[in-house]
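Asker: Take a look at the following structure, please.
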Amino acid sequence: DLLSLLFPSIKLPFDFFIAICPRLQPRIFTISSSPSLHPREIHLTVACVQRRTIDGNLRKGVCSKYLQSFRNSPGKICRLFTSPSCFRIPPKPAFPLILIAAGTGISPMRSLLLERSFQKHVKHLPVGPNMLFFGCRDRNLDFLYGEVFEDLRNDGTLTYLEVAFSREDPGNRVYVQNLLSKNAALLWHLIDSGNGYICICGQEKMGQDVMKALVDIFMSYGSMQASTANTYLEKMHSNGRLVHEFWG
């Protein structure tokens with residue numbers, strides 16, 4: 001883009017251009033399906049990237065465009081590799097599970113909730129409360145898996161569902177961290193008294209706002225100083241009761 005717009009006179013041989021380009025990095029996606037419900041399938045949540053460059057050309061994401069091409073190409077083969085995920089359901093089914101996500105960060109939350117549903121309805125285990133706090137822009141545009149979560153709420157798997165639609169009311173934008181503050185007393189009870197587990201997934205800015213909201217809840221309802229609340233959060237992380245994945 002820079003060469004074509006600012007230095008159009010440069011004639012760069014294609015082989016030289018390829019030689020100086022950095023190696024294309026792998027794209028990492030968190031699996032959004034349950035291994036118990038779909039042992040021979042992998043479900044992914046992928047945002048198809050598309051944007052206009054400064055010179056007006058349309059650019060599409062390398063990986064997301066490639067994956068999108070599979071929709072009309074049955075039998076096409078894609079090379080994949082797996083790596084360990086930080087997200088896990090609680091070691092005991094009765095422990096509460098608190099899920100916090102925005103955008104495509106909802107992917108692992110779908111997987112965890114489907115796994116908890118399998119525990120509850122197939123294995124008939126005493127599954128504890130499941131809370132989902134999800135942030136997106138508009139319910140008609142990017143409320144990803146909305147019908148799935150409604151079904152999980154109706155069958156008793158999803159105990160609490162709170163969604164922040166940040167663009168529906170421009171004068172009063174609500175984000176996922178605001179939902180945490182709204183449910184602060186219940187969250188503190190599930191975390192402190194119920195030995196609850198927390199999973200967070202989304203962009204870096206959202207993640208930091210959520211972490212701050214949790215510290216504020218610990219300070220208000222746990223009667224802690226800021227340093228003690230941060231230590232409490234760090235201890236949850238070191239014990240595996242708080243896991244997160246941030247990007248961007």
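By order of appearance in the structure tokens: chains A, B, ..., then residues from 1 within every chain, and ligands from 1 in the order shown.
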Run DSSP on the backbone of this structure and report the residues of segment 42-225 of chain A it assigns to strand (DSSP E), as a CSV table (one decimal) with N, CA, C and O atoms, in the first residue's frame.

Answerer:
chain,number,residue,atom,x,y,z
A,50,GLN,N,-12.2,-7.5,6.1
A,50,GLN,CA,-12.4,-6.8,4.8
A,50,GLN,C,-12.3,-5.3,5.1
A,50,GLN,O,-13.0,-4.8,5.9
A,51,ARG,N,-11.4,-4.6,4.4
A,51,ARG,CA,-11.3,-3.2,4.6
A,51,ARG,C,-10.8,-2.5,3.3
A,51,ARG,O,-10.2,-3.1,2.4
A,52,ARG,N,-11.0,-1.2,3.3
A,52,ARG,CA,-10.5,-0.3,2.2
A,52,ARG,C,-9.1,0.3,2.7
A,52,ARG,O,-9.0,0.8,3.8
A,58,LEU,N,-9.7,-2.7,-2.1
A,58,LEU,CA,-10.3,-3.6,-1.2
A,58,LEU,C,-9.3,-4.7,-0.8
A,58,LEU,O,-8.8,-5.4,-1.6
A,59,ARG,N,-9.1,-4.8,0.5
A,59,ARG,CA,-8.2,-5.8,1.0
A,59,ARG,C,-9.0,-6.8,1.9
A,59,ARG,O,-9.8,-6.4,2.7
A,60,LYS,N,-8.7,-8.1,1.8
A,60,LYS,CA,-9.4,-9.1,2.6
A,60,LYS,C,-8.3,-9.8,3.4
A,60,LYS,O,-7.2,-10.0,2.9
A,97,LEU,N,-19.3,-21.3,37.0
A,97,LEU,CA,-18.5,-20.9,35.9
A,97,LEU,C,-18.9,-19.6,35.4
A,97,LEU,O,-20.1,-19.4,35.0
A,98,ILE,N,-18.0,-18.6,35.4
A,98,ILE,CA,-18.4,-17.3,35.0
A,98,ILE,C,-17.6,-17.0,33.7
A,98,ILE,O,-16.4,-17.0,33.7
A,99,LEU,N,-18.3,-16.7,32.6
A,99,LEU,CA,-17.7,-16.5,31.3
A,99,LEU,C,-17.9,-15.0,30.9
A,99,LEU,O,-19.0,-14.5,30.9
A,100,ILE,N,-16.8,-14.4,30.4
A,100,ILE,CA,-16.9,-13.0,30.0
A,100,ILE,C,-16.2,-12.9,28.7
A,100,ILE,O,-15.0,-13.2,28.5
A,101,ALA,N,-16.9,-12.3,27.7
A,101,ALA,CA,-16.3,-12.2,26.3
A,101,ALA,C,-16.9,-11.1,25.6
A,101,ALA,O,-18.0,-10.5,25.9
A,102,ALA,N,-16.2,-10.7,24.5
A,102,ALA,CA,-16.7,-9.7,23.6
A,102,ALA,C,-16.2,-10.1,22.2
A,102,ALA,O,-15.2,-10.7,22.0
A,130,ASN,N,-23.9,-21.3,35.7
A,130,ASN,CA,-23.1,-20.8,34.6
A,130,ASN,C,-23.6,-19.4,34.2
A,130,ASN,O,-24.8,-19.2,34.0
A,131,MET,N,-22.7,-18.5,34.3
A,131,MET,CA,-23.0,-17.1,33.9
A,131,MET,C,-22.2,-16.7,32.6
A,131,MET,O,-21.1,-17.0,32.5
A,132,LEU,N,-22.9,-16.0,31.7
A,132,LEU,CA,-22.3,-15.5,30.5
A,132,LEU,C,-22.5,-14.0,30.4
A,132,LEU,O,-23.7,-13.6,30.4
A,133,PHE,N,-21.4,-13.3,30.3
A,133,PHE,CA,-21.5,-11.8,30.1
A,133,PHE,C,-20.8,-11.6,28.7
A,133,PHE,O,-19.7,-11.9,28.5
A,134,PHE,N,-21.6,-11.1,27.7
A,134,PHE,CA,-21.2,-11.0,26.4
A,134,PHE,C,-21.3,-9.6,25.9
A,134,PHE,O,-22.4,-9.0,26.0
A,135,GLY,N,-20.3,-9.1,25.2
A,135,GLY,CA,-20.4,-7.7,24.7
A,135,GLY,C,-20.3,-7.8,23.2
A,135,GLY,O,-19.4,-8.4,22.6
A,136,CYS,N,-21.2,-7.1,22.5
A,136,CYS,CA,-21.2,-7.0,21.0
A,136,CYS,C,-21.8,-5.6,20.7
A,136,CYS,O,-22.2,-4.8,21.5
A,160,TYR,N,-27.4,-17.6,33.9
A,160,TYR,CA,-27.6,-16.1,33.8
A,160,TYR,C,-27.0,-15.8,32.4
A,160,TYR,O,-25.9,-16.2,32.1
A,161,LEU,N,-27.7,-15.0,31.6
A,161,LEU,CA,-27.2,-14.4,30.4
A,161,LEU,C,-27.4,-12.9,30.4
A,161,LEU,O,-28.5,-12.4,30.5
A,162,GLU,N,-26.3,-12.2,30.2
A,162,GLU,CA,-26.3,-10.8,30.2
A,162,GLU,C,-25.5,-10.3,29.0
A,162,GLU,O,-24.3,-10.7,28.8
A,163,VAL,N,-26.1,-9.5,28.1
A,163,VAL,CA,-25.5,-9.1,26.9
A,163,VAL,C,-25.5,-7.6,26.8
A,163,VAL,O,-26.5,-6.9,27.1
A,164,ALA,N,-24.3,-7.0,26.5
A,164,ALA,CA,-24.2,-5.5,26.3
A,164,ALA,C,-24.1,-5.2,24.8
A,164,ALA,O,-23.2,-5.7,24.1
A,165,PHE,N,-25.1,-4.5,24.3
A,165,PHE,CA,-25.2,-4.1,22.9
A,165,PHE,C,-24.7,-2.6,22.8
A,165,PHE,O,-25.5,-1.7,23.0
A,197,TYR,N,-15.1,-20.2,39.0
A,197,TYR,CA,-14.1,-20.1,38.0
A,197,TYR,C,-14.5,-19.0,37.0
A,197,TYR,O,-15.6,-18.9,36.6
A,198,ILE,N,-13.5,-18.3,36.5
A,198,ILE,CA,-13.7,-17.2,35.6
A,198,ILE,C,-12.9,-17.4,34.3
A,198,ILE,O,-11.7,-17.7,34.4
A,199,CYS,N,-13.5,-17.2,33.2
A,199,CYS,CA,-12.9,-17.3,31.9
A,199,CYS,C,-13.2,-16.0,31.1
A,199,CYS,O,-14.3,-15.6,31.1
A,200,ILE,N,-12.1,-15.3,30.6
A,200,ILE,CA,-12.3,-14.1,29.9
A,200,ILE,C,-11.6,-14.2,28.5
A,200,ILE,O,-10.5,-14.7,28.4
A,201,CYS,N,-12.3,-13.7,27.5
A,201,CYS,CA,-11.7,-13.7,26.2
A,201,CYS,C,-12.1,-12.5,25.3
A,201,CYS,O,-13.3,-12.2,25.3
A,202,GLY,N,-11.2,-11.8,24.7
A,202,GLY,CA,-11.5,-10.7,23.9
A,202,GLY,C,-10.3,-9.8,23.6
A,202,GLY,O,-9.1,-10.2,23.9
A,203,GLN,N,-10.5,-8.6,23.1
A,203,GLN,CA,-9.3,-7.7,22.9
A,203,GLN,C,-8.7,-7.2,24.1
A,203,GLN,O,-9.4,-7.2,25.2

Asker: Quick one: everything within 9 Å of segment 25-28 of chain A, counting only C-alpha atoms, minus sequence neighbours fewer than 3 positions away in the same chain. Send it as a list in words.

Answerer: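 The neighbour list is Pro22, Cys63 and Thr82 of chain A.
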
Asker: Please identify which residues in segment 20-247 of chain A DSSP calls helix (DSSP H, G or I) from the backbone, and express them as a PyMOL selection string.

Answerer: chain A and resi 20+62-72+103-121+146-154+176-182+184-193+204-221+226-238

Asker: What is the atom CA of Ser33 of chain A-atom CA of Asp142 of chain A distance in Å, reported with one decimal?

Answerer: 18.6 Å

Asker: Which of these residues is nearest to Phe95 of chain A, using only C-alpha atoms: A:Pro170, A:Gly196, A:Pro126, A:Gly156?

Answerer: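 So, comparing all the options, the nearest one is A:Gly196.
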
Asker: Counting only C-alpha atoms, figure out which residue out of A:Phe17, A:Tyr232, A:Phe7, A:Tyr175 gets nearest to Gly207 of chain A.

Answerer: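 That would be A:Tyr175, the residue with the smallest distance to Gly207 of chain A.
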
Asker: Of the candidates A:Leu12, A:Ala47, A:Met219, A:Leu5, which shows the shortest atom-to-atom distance to Ala185 of chain A, using only C-alpha atoms?

Answerer: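 Going through A:Leu12, A:Ala47, A:Met219, A:Leu5 one by one, the smallest distance to Ala185 of chain A is for A:Met219.
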
Asker: Quick one: residues within 12 Å of Phe218 of chain A, only C-alpha atoms counted, chain neighbours fewer than 4 positions away excluded, as JSON, numbers by chain?

Answerer: {"A": [180, 181, 184, 185, 186, 187, 188, 189, 190, 191, 192, 211, 212, 213, 214, 222, 223, 224, 225, 226, 227, 228, 229, 230, 231, 232, 233]}

Asker: Rounded to one decimal place, report the atom CA of Asn57 of chain A-atom CA of Phe143 of chain A distance in Å.

Answerer: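 Atom CA of Phe143 of chain A lies at a distance of 29.1 Å from atom CA of Asn57 of chain A.
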
Asker: Which residue gives the smallest distance to Ser107 of chain A among A:Leu144, A:Gln208, A:Ser9, A:Leu3, with only C-alpha atoms counted?

Answerer: A:Leu144

Asker: Pick the closest to Arg88 of chain A from A:Val122, A:Cys48, A:Leu158, A:Ile31: which is it, counting only C-alpha atoms?

Answerer: A:Ile31

Asker: Take atom CA of Gly248 of chain A and atom CA of Glu204 of chain A and report the distance between them in Å, one decimal.

Answerer: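 Those two atoms sit 5.8 Å apart.
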
Asker: Have a look at A:Phe29, A:Phe70, A:Phe246, A:Phe118 and name the one nearest to Leu44 of chain A; count only C-alpha atoms.

Answerer: A:Phe29
